[in-house]
>>> print(open('my_file_2.cif').read())   # mmCIF, C-alpha atoms
data_upload
loop_
_atom_site.label_atom_id
_atom_site.label_comp_id
_atom_site.auth_asym_id
_atom_site.auth_seq_id
_atom_site.Cartn_x
_atom_site.Cartn_y
_atom_site.Cartn_z
CA MET A 1 -149.77 -65.65 -59.33
CA ALA A 2 -152.79 -67.92 -59.81
CA SER A 3 -154.45 -70.61 -57.72
CA ILE A 4 -157.51 -72.87 -57.55
CA LYS A 5 -159.12 -73.91 -54.25
CA LYS A 6 -162.23 -75.87 -53.43
CA ARG A 7 -164.84 -74.10 -51.34
CA PRO A 8 -166.98 -75.75 -48.63
CA ASP A 9 -169.99 -75.62 -50.98
CA GLY A 10 -168.11 -77.79 -53.50
CA LYS A 11 -167.38 -75.05 -56.03
CA TRP A 12 -163.88 -74.21 -57.21
CA ARG A 13 -162.51 -70.70 -56.64
CA ALA A 14 -159.97 -69.59 -59.24
CA ARG A 15 -158.02 -66.41 -58.64
CA TYR A 16 -155.09 -64.47 -60.08
CA ARG A 17 -153.36 -61.10 -59.76
CA ASP A 18 -152.93 -58.82 -62.75
CA ALA A 19 -149.87 -56.69 -63.60
CA ASP A 20 -151.09 -53.96 -61.23
CA GLY A 21 -151.36 -56.39 -58.33
CA GLN A 22 -155.17 -56.39 -58.35
CA GLU A 23 -156.76 -59.71 -57.44
CA HIS A 24 -159.52 -61.19 -59.58
CA SER A 25 -161.52 -64.33 -58.89
CA ARG A 26 -164.38 -66.46 -60.20
CA HIS A 27 -166.18 -69.57 -59.04
CA PHE A 28 -166.72 -72.69 -61.15
CA ARG A 29 -168.52 -76.01 -60.85
CA LEU A 30 -165.59 -77.88 -62.43
CA LYS A 31 -161.90 -77.67 -61.67
CA ASN A 32 -160.66 -79.10 -64.98
CA LYS A 33 -162.11 -79.71 -68.43
CA SER A 34 -164.66 -82.50 -68.23
CA ASP A 35 -167.09 -84.46 -70.39
CA THR A 36 -169.78 -83.55 -67.87
CA ALA A 37 -169.46 -79.85 -68.71
CA LYS A 38 -172.65 -78.20 -69.90
CA PRO A 39 -172.69 -76.46 -73.34
CA GLY A 40 -170.62 -73.29 -73.06
CA GLU A 41 -169.44 -74.11 -69.54
CA ILE A 42 -165.73 -73.73 -68.77
CA SER A 43 -163.70 -74.99 -65.85
CA ALA A 44 -161.59 -73.03 -63.38
CA GLN A 45 -158.37 -74.19 -65.02
CA GLU A 46 -159.59 -73.29 -68.52
CA TRP A 47 -160.45 -69.81 -67.34
CA LEU A 48 -157.04 -69.31 -65.77
CA ASP A 49 -155.37 -70.62 -68.94
CA GLU A 50 -157.28 -68.08 -71.03
CA VAL A 51 -156.32 -65.25 -68.69
CA THR A 52 -152.66 -66.31 -68.69
CA ALA A 53 -152.59 -66.52 -72.49
CA ALA A 54 -154.15 -63.05 -72.75
CA MET A 55 -151.51 -61.61 -70.41
CA VAL A 56 -148.66 -63.23 -72.35
CA THR A 57 -149.94 -62.01 -75.75
CA GLY A 58 -150.79 -58.53 -74.48
CA ASN A 59 -154.53 -59.00 -75.04
CA TYR A 60 -155.49 -58.97 -71.38
CA VAL A 61 -158.30 -56.62 -70.33
CA ASP A 62 -159.31 -55.89 -66.76
CA PRO A 63 -162.77 -57.48 -66.29
CA LYS A 64 -164.05 -54.29 -64.66
CA LYS A 65 -162.89 -52.17 -67.61
CA ALA A 66 -164.48 -54.65 -70.01
CA LYS A 67 -167.88 -53.46 -68.74
CA LEU A 68 -167.21 -49.89 -69.93
CA THR A 69 -169.82 -48.71 -72.45
CA VAL A 70 -169.09 -46.87 -75.68
CA GLY A 71 -170.82 -43.79 -74.29
CA GLU A 72 -168.74 -43.82 -71.09
CA TRP A 73 -165.51 -44.26 -73.03
CA CYS A 74 -166.46 -41.48 -75.48
CA GLU A 75 -166.84 -39.10 -72.54
CA ILE A 76 -163.39 -40.05 -71.24
CA TRP A 77 -161.95 -39.83 -74.76
CA LEU A 78 -163.36 -36.35 -75.33
CA ASN A 79 -161.77 -35.13 -72.09
CA GLY A 80 -158.40 -36.22 -73.42
CA TYR A 81 -159.12 -34.73 -76.85
CA ALA A 82 -159.87 -31.31 -75.37
CA ASN A 83 -156.25 -30.20 -75.85
CA ASN A 84 -156.77 -30.03 -79.62
CA ARG A 85 -157.87 -26.99 -81.59
CA PRO A 86 -161.34 -25.68 -80.60
CA SER A 87 -162.65 -26.28 -84.14
CA SER A 88 -161.36 -29.86 -84.05
CA VAL A 89 -162.94 -30.47 -80.65
CA LYS A 90 -166.25 -29.05 -81.88
CA GLN A 91 -166.24 -31.42 -84.85
CA ALA A 92 -165.28 -34.37 -82.62
CA LYS A 93 -168.23 -33.65 -80.31
CA SER A 94 -170.53 -33.58 -83.33
CA HIS A 95 -169.24 -36.99 -84.44
CA VAL A 96 -169.45 -38.46 -80.94
CA LYS A 97 -173.10 -37.38 -80.69
CA ARG A 98 -173.98 -39.65 -83.63
CA ILE A 99 -171.74 -42.44 -82.35
CA ASP A 100 -173.35 -42.29 -78.92
CA ALA A 101 -176.81 -42.48 -80.47
CA ALA A 102 -175.86 -45.71 -82.25
CA PHE A 103 -173.59 -47.49 -79.76
CA GLY A 104 -173.61 -45.46 -76.54
CA LYS A 105 -175.29 -48.06 -74.30
CA ARG A 106 -173.28 -50.98 -75.66
CA THR A 107 -170.12 -52.22 -73.96
CA LEU A 108 -166.97 -51.65 -75.99
CA VAL A 109 -166.21 -55.36 -76.21
CA SER A 110 -169.67 -56.20 -77.55
CA VAL A 111 -169.47 -54.14 -80.77
CA ARG A 112 -168.90 -56.34 -83.83
CA PRO A 113 -167.50 -55.46 -87.29
CA SER A 114 -170.78 -56.47 -88.92
CA GLU A 115 -172.62 -53.94 -86.74
CA VAL A 116 -170.22 -51.19 -87.75
CA LYS A 117 -170.87 -51.95 -91.42
CA ALA A 118 -174.62 -51.98 -90.80
CA TRP A 119 -174.30 -48.58 -89.10
CA THR A 120 -172.50 -46.97 -92.05
CA ALA A 121 -175.08 -48.47 -94.42
CA LYS A 122 -177.85 -46.94 -92.28
CA LEU A 123 -176.13 -43.54 -92.44
CA LYS A 124 -175.99 -43.87 -96.22
CA ASN A 125 -179.74 -44.60 -96.34
CA GLU A 126 -180.34 -41.50 -94.23
CA GLY A 127 -178.83 -39.44 -97.03
CA LEU A 128 -175.48 -38.53 -95.51
CA ALA A 129 -172.67 -37.79 -97.95
CA ASP A 130 -169.98 -40.43 -98.47
CA SER A 131 -167.35 -38.04 -97.11
CA THR A 132 -169.38 -37.51 -93.90
CA ILE A 133 -169.89 -41.24 -93.38
CA TYR A 134 -166.19 -41.84 -93.96
CA ALA A 135 -165.34 -39.16 -91.38
CA LEU A 136 -167.69 -40.72 -88.81
CA HIS A 137 -166.17 -44.17 -89.37
CA SER A 138 -162.68 -42.69 -89.00
CA ARG A 139 -163.68 -41.04 -85.74
CA LEU A 140 -165.13 -44.27 -84.36
CA SER A 141 -161.97 -46.09 -85.44
CA HIS A 142 -159.87 -43.49 -83.61
CA ILE A 143 -161.97 -43.87 -80.46
CA PHE A 144 -161.73 -47.68 -80.47
CA SER A 145 -158.00 -47.64 -81.29
CA ASP A 146 -157.39 -45.42 -78.26
CA ALA A 147 -159.38 -47.87 -76.14
CA VAL A 148 -157.06 -50.66 -77.31
CA HIS A 149 -154.02 -48.49 -76.58
CA ASP A 150 -155.40 -47.79 -73.11
CA GLY A 151 -155.76 -51.51 -72.37
CA ILE A 152 -159.55 -51.39 -72.21
CA LEU A 153 -160.11 -53.44 -75.34
CA PRO A 154 -158.06 -56.32 -76.80
CA LYS A 155 -158.87 -55.52 -80.43
CA SER A 156 -160.81 -52.91 -82.37
CA PRO A 157 -163.80 -54.07 -84.45
CA LEU A 158 -163.00 -51.40 -87.04
CA SER A 159 -160.60 -51.93 -89.92
CA ARG A 160 -160.23 -51.31 -93.64
CA ARG A 161 -162.80 -54.06 -94.16
CA THR A 162 -165.48 -52.08 -92.30
CA SER A 163 -164.50 -48.75 -93.87
CA PRO A 164 -167.04 -47.13 -96.23
CA PRO A 165 -165.98 -45.43 -99.50
CA MET A 166 -164.07 -42.21 -98.87
CA GLY A 167 -166.16 -40.28 -101.37
CA LYS A 168 -164.63 -37.77 -103.70
CA GLN A 169 -166.22 -34.50 -104.66
CA ARG A 170 -165.24 -33.53 -108.17
CA PRO A 171 -164.36 -29.87 -107.85
CA PHE A 172 -166.43 -27.20 -109.55
CA VAL A 173 -164.17 -24.93 -111.60
CA ALA A 174 -165.55 -21.53 -112.48
CA THR A 175 -164.60 -19.70 -115.64
CA THR A 176 -162.51 -16.55 -115.41
CA GLU A 177 -165.59 -14.53 -116.38
CA GLN A 178 -167.55 -16.08 -113.49
CA VAL A 179 -164.74 -15.33 -111.04
CA TRP A 180 -164.76 -11.65 -111.99
CA ALA A 181 -168.56 -11.63 -111.89
CA LEU A 182 -168.38 -12.93 -108.31
CA TYR A 183 -165.82 -10.25 -107.51
CA ASP A 184 -168.12 -7.52 -108.86
CA ALA A 185 -171.15 -8.96 -107.03
CA MET A 186 -169.49 -8.79 -103.60
CA ASP A 187 -169.48 -5.54 -101.61
CA ALA A 188 -166.33 -3.46 -101.72
CA TRP A 189 -165.02 -4.65 -98.35
CA THR A 190 -165.37 -8.39 -98.98
CA ARG A 191 -164.21 -8.40 -102.62
CA PRO A 192 -160.59 -9.10 -101.64
CA GLY A 193 -161.76 -12.54 -100.47
CA ILE A 194 -162.49 -13.53 -104.07
CA LEU A 195 -158.96 -12.48 -105.02
CA LEU A 196 -157.43 -14.47 -102.15
CA GLY A 197 -159.37 -17.59 -103.11
CA ALA A 198 -159.01 -17.45 -106.89
CA PHE A 199 -155.47 -16.09 -107.21
CA ALA A 200 -153.75 -17.29 -104.03
CA GLY A 201 -155.72 -20.44 -103.16
CA LEU A 202 -156.49 -19.47 -99.56
CA ARG A 203 -159.15 -21.35 -97.63
CA VAL A 204 -161.98 -19.27 -96.20
CA ALA A 205 -160.74 -19.35 -92.56
CA GLU A 206 -157.28 -18.29 -93.80
CA ALA A 207 -158.65 -15.58 -96.07
CA VAL A 208 -160.78 -13.76 -93.48
CA ALA A 209 -157.92 -13.87 -90.96
CA LEU A 210 -155.19 -12.69 -93.36
CA ARG A 211 -153.59 -9.57 -91.91
CA VAL A 212 -151.75 -6.69 -93.50
CA LYS A 213 -148.56 -7.84 -91.82
CA ASP A 214 -148.90 -11.25 -93.50
CA ILE A 215 -148.31 -9.70 -96.93
CA ASP A 216 -145.05 -8.28 -98.23
CA PHE A 217 -146.53 -5.76 -100.66
CA MET A 218 -143.18 -4.72 -102.06
CA ARG A 219 -141.95 -8.23 -102.88
CA GLY A 220 -145.40 -9.61 -103.66
CA VAL A 221 -145.55 -12.50 -101.16
CA ILE A 222 -148.43 -13.75 -98.99
CA SER A 223 -147.32 -15.63 -95.87
CA PRO A 224 -150.39 -17.22 -94.21
CA ALA A 225 -149.88 -17.41 -90.45
CA ILE A 226 -153.25 -17.85 -88.74
CA GLN A 227 -156.85 -18.79 -89.41
CA TYR A 228 -160.01 -17.35 -87.91
CA PRO A 229 -160.40 -16.29 -85.17
CA ASP A 230 -156.74 -16.32 -84.15
CA GLU A 231 -155.67 -19.93 -84.34
CA PRO A 232 -152.47 -21.39 -85.75
CA LEU A 233 -152.68 -23.10 -89.12
CA LYS A 234 -153.13 -26.86 -89.16
CA SER A 235 -149.62 -27.61 -90.39
CA ASP A 236 -146.29 -26.01 -91.25
CA THR A 237 -147.04 -26.72 -94.92
CA SER A 238 -150.01 -24.34 -94.69
CA LYS A 239 -147.55 -21.56 -93.86
CA THR A 240 -145.76 -21.92 -97.21
CA PRO A 241 -145.37 -18.41 -98.77
CA ILE A 242 -147.42 -17.71 -101.90
CA PRO A 243 -145.92 -15.41 -104.56
CA ILE A 244 -148.36 -12.93 -106.10
CA PRO A 245 -147.98 -10.27 -108.79
CA ARG A 246 -147.59 -6.64 -107.77
CA GLU A 247 -150.95 -5.83 -109.38
CA LEU A 248 -152.71 -8.21 -107.00
CA ALA A 249 -150.81 -6.81 -104.02
CA VAL A 250 -152.07 -3.32 -104.87
CA MET A 251 -155.70 -4.56 -105.09
CA LEU A 252 -155.38 -6.32 -101.73
CA ASN A 253 -154.16 -3.15 -100.05
CA ARG A 254 -157.42 -1.27 -100.72
CA ASN A 255 -159.21 -1.98 -97.42
CA PRO A 256 -156.21 -1.26 -95.18
CA SER A 257 -155.62 1.98 -97.09
CA ILE A 258 -159.22 3.21 -96.85
CA LEU A 259 -160.47 1.67 -93.59
CA GLY A 260 -157.21 1.32 -91.72
CA SER A 261 -158.15 -2.32 -91.12
CA GLU A 262 -155.66 -4.85 -89.81
CA THR A 263 -157.13 -7.57 -92.02
CA ILE A 264 -157.40 -7.66 -95.81
CA ILE A 265 -161.10 -8.60 -95.69
CA ALA A 266 -163.12 -6.35 -93.42
CA ALA A 267 -166.59 -5.13 -92.54
CA GLU A 268 -167.67 -1.55 -93.20
CA HIS A 269 -166.32 -0.47 -89.80
CA GLY A 270 -162.90 -1.96 -90.56
CA ARG A 271 -163.08 -4.96 -88.24
CA ALA A 272 -162.43 -8.54 -89.26
CA ILE A 273 -165.42 -10.72 -90.14
CA ALA A 274 -166.16 -14.37 -89.39
CA PRO A 275 -166.10 -17.08 -92.08
CA TYR A 276 -169.86 -17.56 -91.66
CA THR A 277 -170.54 -13.87 -92.38
CA PHE A 278 -168.28 -13.89 -95.40
CA GLU A 279 -169.76 -17.11 -96.79
CA THR A 280 -173.28 -15.73 -96.34
CA ARG A 281 -172.37 -12.79 -98.55
CA PHE A 282 -170.58 -15.16 -100.93
CA ARG A 283 -173.72 -17.30 -101.34
CA GLU A 284 -175.83 -14.20 -101.99
CA ALA A 285 -173.40 -13.12 -104.71
CA ARG A 286 -173.24 -16.65 -106.16
CA GLU A 287 -176.99 -16.68 -106.78
CA THR A 288 -176.60 -13.76 -109.18
CA ILE A 289 -173.95 -15.43 -111.35
CA LYS A 290 -175.19 -17.27 -114.41
CA GLY A 291 -173.93 -20.83 -114.76
CA LEU A 292 -172.65 -21.30 -111.19
CA PRO A 293 -174.27 -24.33 -109.48
CA LYS A 294 -175.85 -23.95 -106.05
CA GLY A 295 -173.19 -26.27 -104.71
CA PHE A 296 -170.41 -23.87 -105.70
CA ARG A 297 -168.41 -23.00 -102.58
CA PHE A 298 -165.72 -20.51 -101.73
CA HIS A 299 -163.35 -23.49 -101.65
CA ASP A 300 -164.03 -23.98 -105.36
CA LEU A 301 -162.13 -20.75 -106.02
CA ARG A 302 -159.11 -22.69 -104.80
CA HIS A 303 -159.87 -25.22 -107.54
CA TYR A 304 -159.95 -22.36 -110.05
CA PHE A 305 -156.51 -21.32 -108.83
CA ALA A 306 -155.23 -24.86 -109.36
CA SER A 307 -156.71 -25.04 -112.86
CA LEU A 308 -155.13 -21.68 -113.69
CA LEU A 309 -151.68 -22.91 -112.69
CA ILE A 310 -152.10 -26.22 -114.52
CA SER A 311 -153.30 -24.52 -117.72
CA GLU A 312 -150.12 -22.45 -117.68
CA GLY A 313 -148.05 -25.64 -117.80
CA LEU A 314 -146.85 -25.74 -114.19
CA ASP A 315 -145.83 -29.22 -113.04
CA VAL A 316 -147.37 -31.09 -110.11
CA LYS A 317 -144.65 -30.12 -107.61
CA VAL A 318 -145.12 -26.42 -108.26
CA VAL A 319 -148.92 -26.73 -108.02
CA GLN A 320 -148.50 -28.71 -104.80
CA ALA A 321 -146.35 -25.93 -103.33
CA ARG A 322 -148.77 -23.14 -104.34
CA LEU A 323 -151.76 -25.02 -102.90
CA ARG A 324 -149.69 -25.86 -99.82
CA HIS A 325 -150.53 -29.56 -99.96
CA ALA A 326 -148.51 -31.83 -97.68
CA SER A 327 -147.80 -34.24 -100.55
CA ALA A 328 -148.01 -34.38 -104.33
CA LYS A 329 -150.38 -37.34 -103.92
CA THR A 330 -153.05 -35.03 -102.53
CA THR A 331 -152.60 -32.71 -105.50
CA LEU A 332 -152.81 -35.54 -108.02
CA ASP A 333 -155.78 -37.19 -106.30
CA THR A 334 -157.71 -33.93 -106.61
CA TYR A 335 -156.49 -32.43 -109.88
CA SER A 336 -154.96 -35.18 -112.04
CA HIS A 337 -157.89 -34.92 -114.48
CA MET A 338 -156.98 -31.27 -115.16
CA TRP A 339 -153.54 -31.93 -116.58
CA PRO A 340 -153.48 -32.06 -120.42
CA ASP A 341 -153.94 -35.48 -122.00
CA LYS A 342 -150.52 -37.03 -122.61
CA ASP A 343 -151.68 -39.90 -124.86
CA GLU A 344 -150.59 -38.20 -128.07
CA ALA A 345 -147.27 -37.19 -126.53
CA SER A 346 -146.52 -40.81 -125.56
CA ARG A 347 -147.46 -42.00 -129.07
CA THR A 348 -145.09 -39.43 -130.55
CA ALA A 349 -142.26 -40.54 -128.27
CA VAL A 350 -142.60 -44.21 -129.25
CA ALA A 351 -143.07 -43.31 -132.93
CA GLY A 352 -139.80 -41.40 -132.82
CA VAL A 353 -137.88 -44.46 -131.66
CA LEU A 354 -139.50 -46.64 -134.35
CA ALA A 355 -138.71 -44.07 -137.03
CA ALA A 356 -135.08 -44.02 -135.97
CA ARG A 357 -134.97 -47.82 -136.18
CA LYS A 358 -136.45 -47.78 -139.68
CA LYS A 359 -133.92 -45.17 -140.75
CA SER A 360 -131.04 -47.28 -139.43
CA LEU A 361 -132.26 -50.16 -141.62
CA GLY A 362 -132.19 -47.94 -144.69
CA GLY A 363 -135.97 -47.96 -145.02
CA GLN A 364 -136.16 -51.77 -145.13
CA VAL A 365 -139.12 -53.51 -143.52
CA GLU A 366 -138.42 -55.69 -140.47
CA LYS A 367 -138.47 -59.38 -141.38
CA ALA A 368 -141.12 -61.48 -139.72
CA GLY A 369 -140.42 -64.78 -137.96
CA PRO A 370 -137.14 -66.15 -136.54
#
>>> encode(input="my_file_2.cif", output="C-alpha cells")
Amino acid sequence: MASIKKRPDGKWRARYRDADGQEHSRHFRLKNKSDTAKPGEISAQEWLDEVTAAMVTGNYVDPKKAKLTVGEWCEIWLNGYANNRPSSVKQAKSHVKRIDAAFGKRTLVSVRPSEVKAWTAKLKNEGLADSTIYALHSRLSHIFSDAVHDGILPKSPLSRRTSPPMGKQRPFVATTEQVWALYDAMDAWTRPGILLGAFAGLRVAEAVALRVKDIDFMRGVISPAIQYPDEPLKSDTSKTPIPIPRELAVMLNRNPSILGSETIIAAEHGRAIAPYTFETRFREARETIKGLPKGFRFHDLRHYFASLLISEGLDVKVVQARLRHASAKTTLDTYSHMWPDKDEASRTAVAGVLAARKKSLGGQVEKAGP
C-alpha cells in the first residue's frame, strides 16, 4: 500500500509498506515530475514508482539495511560461517581482515566494480601471489552474493569481469633420486611421510593423521579417513582407497611396530605430530638435497606421484582416481603437460588412412582438379 499526502508546510509525504508490513516514508518538494525540478531532484511519485518497480523485480532493499557497511556485514557473515570446518573458518577470518581494511567502512551498496578491480591491482602491486589475490576476490564475491541472497543488496559488484587471473603454479617434480634423498634426510619417525606423499599422493594434513587402522596391510590398501587434528576429509572423493604394493605396506608399518604408535608418522615418543612440525623437518631436509628449489613443498611429492603414474602409461581416469580428484578436469588442468606428446601418434594414424587409400588405387596418384 502506498500513498502521497500534502503536509501543512507544503511538502509531500510519500509512504509505503514493505512485504514485512514495515512502513517507510520520505518527504518531497514536488508531488509529480516537473520541469521545475532541480538537477537530481525526484518527486514523491517518482520515488514510489522506483520502490514499486524494485519490489516487483525482486530488487527491493530495506532502506535501513542499505546503510549496512561492509565491515558490519562481514561480522554477521562470519557468525553464519562459523559452522564450517575450523581450518576453513580460520582462513575466512584471514581473508575478511584484508577485506575489512579495504572496504570495511563503506556501505555495501556503495562499492563499485571499478573499485574491486583497483583493489585486486593494488594487492598485485603489494606482491601477493595471483592465487592469493584470486582467493581474496572469491571470498569477497561470496560475501556480497550472500548479502544479495539475504535481501540486503540488489546486485553484487563482483563478477567474472572483476575477477583477477586464477594463477597456476607449475608443479615441481623431483627425480626419484631426490625423493629417496629426502627420505634418507628425514629422521626415522617422519620418513614414512615421504613415502605417503611420493607413493600414495597424500596431502600433508592427511599424511600426519593417517592411522594404523586406515591401512589394510594384508591387502595393500590405504583408506584416508581424517586429516589433522581429527577432522573429516573435505569430500567423499578424498576418501577414495589407494592401492599400494606390499613392500610399501611393510615400510609403513615400521613406526607402529617399534613405537606402538596409532599413526604412521610419529614423534620419538610415539605420538602424532602436527603438519607444521612435520613441514619444519621437511624443509630442513630439503635444504640438504642438491637440485631441489627452495619453493619445493611436501605437496610436490604428490606431483611426483602423478608423474610416476603417467610415465607408466596410466590414463587420465586412473590418475584422477589415485589422486582423488573430484573431476578429470582438475587432473588435466594440473598434469596435462606430463602426458607423452601425441603429435607423432596422430600423424601416424592419418598416414595409415592415406596409405590404405593409395593402396586401393593400385599405387596411382590422385588426380588434381574436378
>>> resolve_selection(input="my_file_2.cif", expression="the PyMOL selection byres ((chain A and resi 193) around 10)", output="list in words")
Tyr183, Met186, Trp189, Thr190, Arg191, Pro192, Ile194, Leu195, Leu196, Gly197, Ala198, Phe199, Ala200, Leu202, Arg203, Val204, Glu206, Ala207, Val208, Leu210, Leu252, Ile264, Ile265, Ala266, Phe278, Glu279, Phe282, Phe298 and Leu301 of chain A
>>> atom_distance(input="my_file_2.cif", atom1="CA of Val350 in chain A", atom2="CA of Val316 in chain A")
23.7 Å
>>> atom_distance(input="my_file_2.cif", atom1="CA of Thr132 in chain A", atom2="CA of Lys317 in chain A")
29.2 Å
>>> closest_residue(input="my_file_2.cif", among="A:Pro256, A:Phe305, A:Tyr81, A:Ala328", to="His142 in chain A", atoms="all atoms listed in the file")
A:Tyr81
>>> closest_atom_pairs(input="my_file_2.cif", of="range 301-366 of chain A", to="range 220-232 of chain A", cutoff="12 Å", atoms="all atoms listed in the file", output="JSON lines")
{"residue": "A:Arg322", "atom": "CA", "partner": "A:Ile222", "partner_atom": "CA", "distance": 10.8}
{"residue": "A:Leu323", "atom": "CA", "partner": "A:Pro224", "partner_atom": "CA", "distance": 11.8}
{"residue": "A:Arg324", "atom": "CA", "partner": "A:Pro224", "partner_atom": "CA", "distance": 10.3}
>>> atom_distance(input="my_file_2.cif", atom1="CA of Leu259 in chain A", atom2="CA of Ala274 in chain A")
17.5 Å
>>> residues_around(input="my_file_2.cif", residues="Thr162 in chain A", least_positions_apart="3", cutoff="6 Å", atoms="only C-alpha atoms", output="ChimeraX atom specification")
/A:117,158-159
>>> decode(input="my_file_2.cif", residues="range 202-214 of chain A", atoms="N, CA, C and O atoms", output="tab-separated table (two decimals), in the first residue's frame")
chain	number	residue	atom	x	y	z
A	202	LEU	N	49.30	-38.56	-0.72
A	202	LEU	CA	48.57	-37.93	0.39
A	202	LEU	C	49.02	-36.48	0.60
A	202	LEU	O	50.18	-36.15	0.38
A	203	ARG	N	48.10	-35.65	0.99
A	203	ARG	CA	48.39	-34.27	1.36
A	203	ARG	C	48.93	-34.28	2.79
A	203	ARG	O	48.69	-35.24	3.54
A	204	VAL	N	49.63	-33.22	3.18
A	204	VAL	CA	50.34	-33.25	4.45
A	204	VAL	C	49.40	-33.47	5.64
A	204	VAL	O	49.71	-34.23	6.56
A	205	ALA	N	48.22	-32.81	5.64
A	205	ALA	CA	47.29	-32.96	6.77
A	205	ALA	C	46.72	-34.37	6.82
A	205	ALA	O	46.37	-34.88	7.89
A	206	GLU	N	46.63	-35.03	5.65
A	206	GLU	CA	46.16	-36.42	5.60
A	206	GLU	C	47.26	-37.36	6.06
A	206	GLU	O	47.00	-38.34	6.77
A	207	ALA	N	48.49	-37.06	5.64
A	207	ALA	CA	49.62	-37.94	5.94
A	207	ALA	C	49.89	-38.02	7.44
A	207	ALA	O	50.04	-39.11	8.00
A	208	VAL	N	49.96	-36.86	8.12
A	208	VAL	CA	50.28	-36.89	9.55
A	208	VAL	C	49.15	-37.47	10.39
A	208	VAL	O	49.38	-37.89	11.53
A	209	ALA	N	47.94	-37.49	9.84
A	209	ALA	CA	46.80	-38.03	10.59
A	209	ALA	C	46.50	-39.48	10.25
A	209	ALA	O	45.63	-40.10	10.89
A	210	LEU	N	47.20	-40.04	9.25
A	210	LEU	CA	46.91	-41.41	8.82
A	210	LEU	C	47.20	-42.39	9.96
A	210	LEU	O	48.29	-42.42	10.53
A	211	ARG	N	46.20	-43.20	10.28
A	211	ARG	CA	46.30	-44.13	11.40
A	211	ARG	C	46.56	-45.56	10.91
A	211	ARG	O	46.33	-45.88	9.75
A	212	VAL	N	47.01	-46.38	11.83
A	212	VAL	CA	47.26	-47.78	11.51
A	212	VAL	C	45.99	-48.44	11.00
A	212	VAL	O	46.01	-49.20	10.03
A	213	LYS	N	44.86	-48.09	11.60
A	213	LYS	CA	43.60	-48.71	11.21
A	213	LYS	C	43.11	-48.24	9.84
A	213	LYS	O	42.14	-48.80	9.31
A	214	ASP	N	43.76	-47.22	9.27
A	214	ASP	CA	43.37	-46.74	7.95
A	214	ASP	C	44.08	-47.49	6.83
A	214	ASP	O	43.87	-47.20	5.65
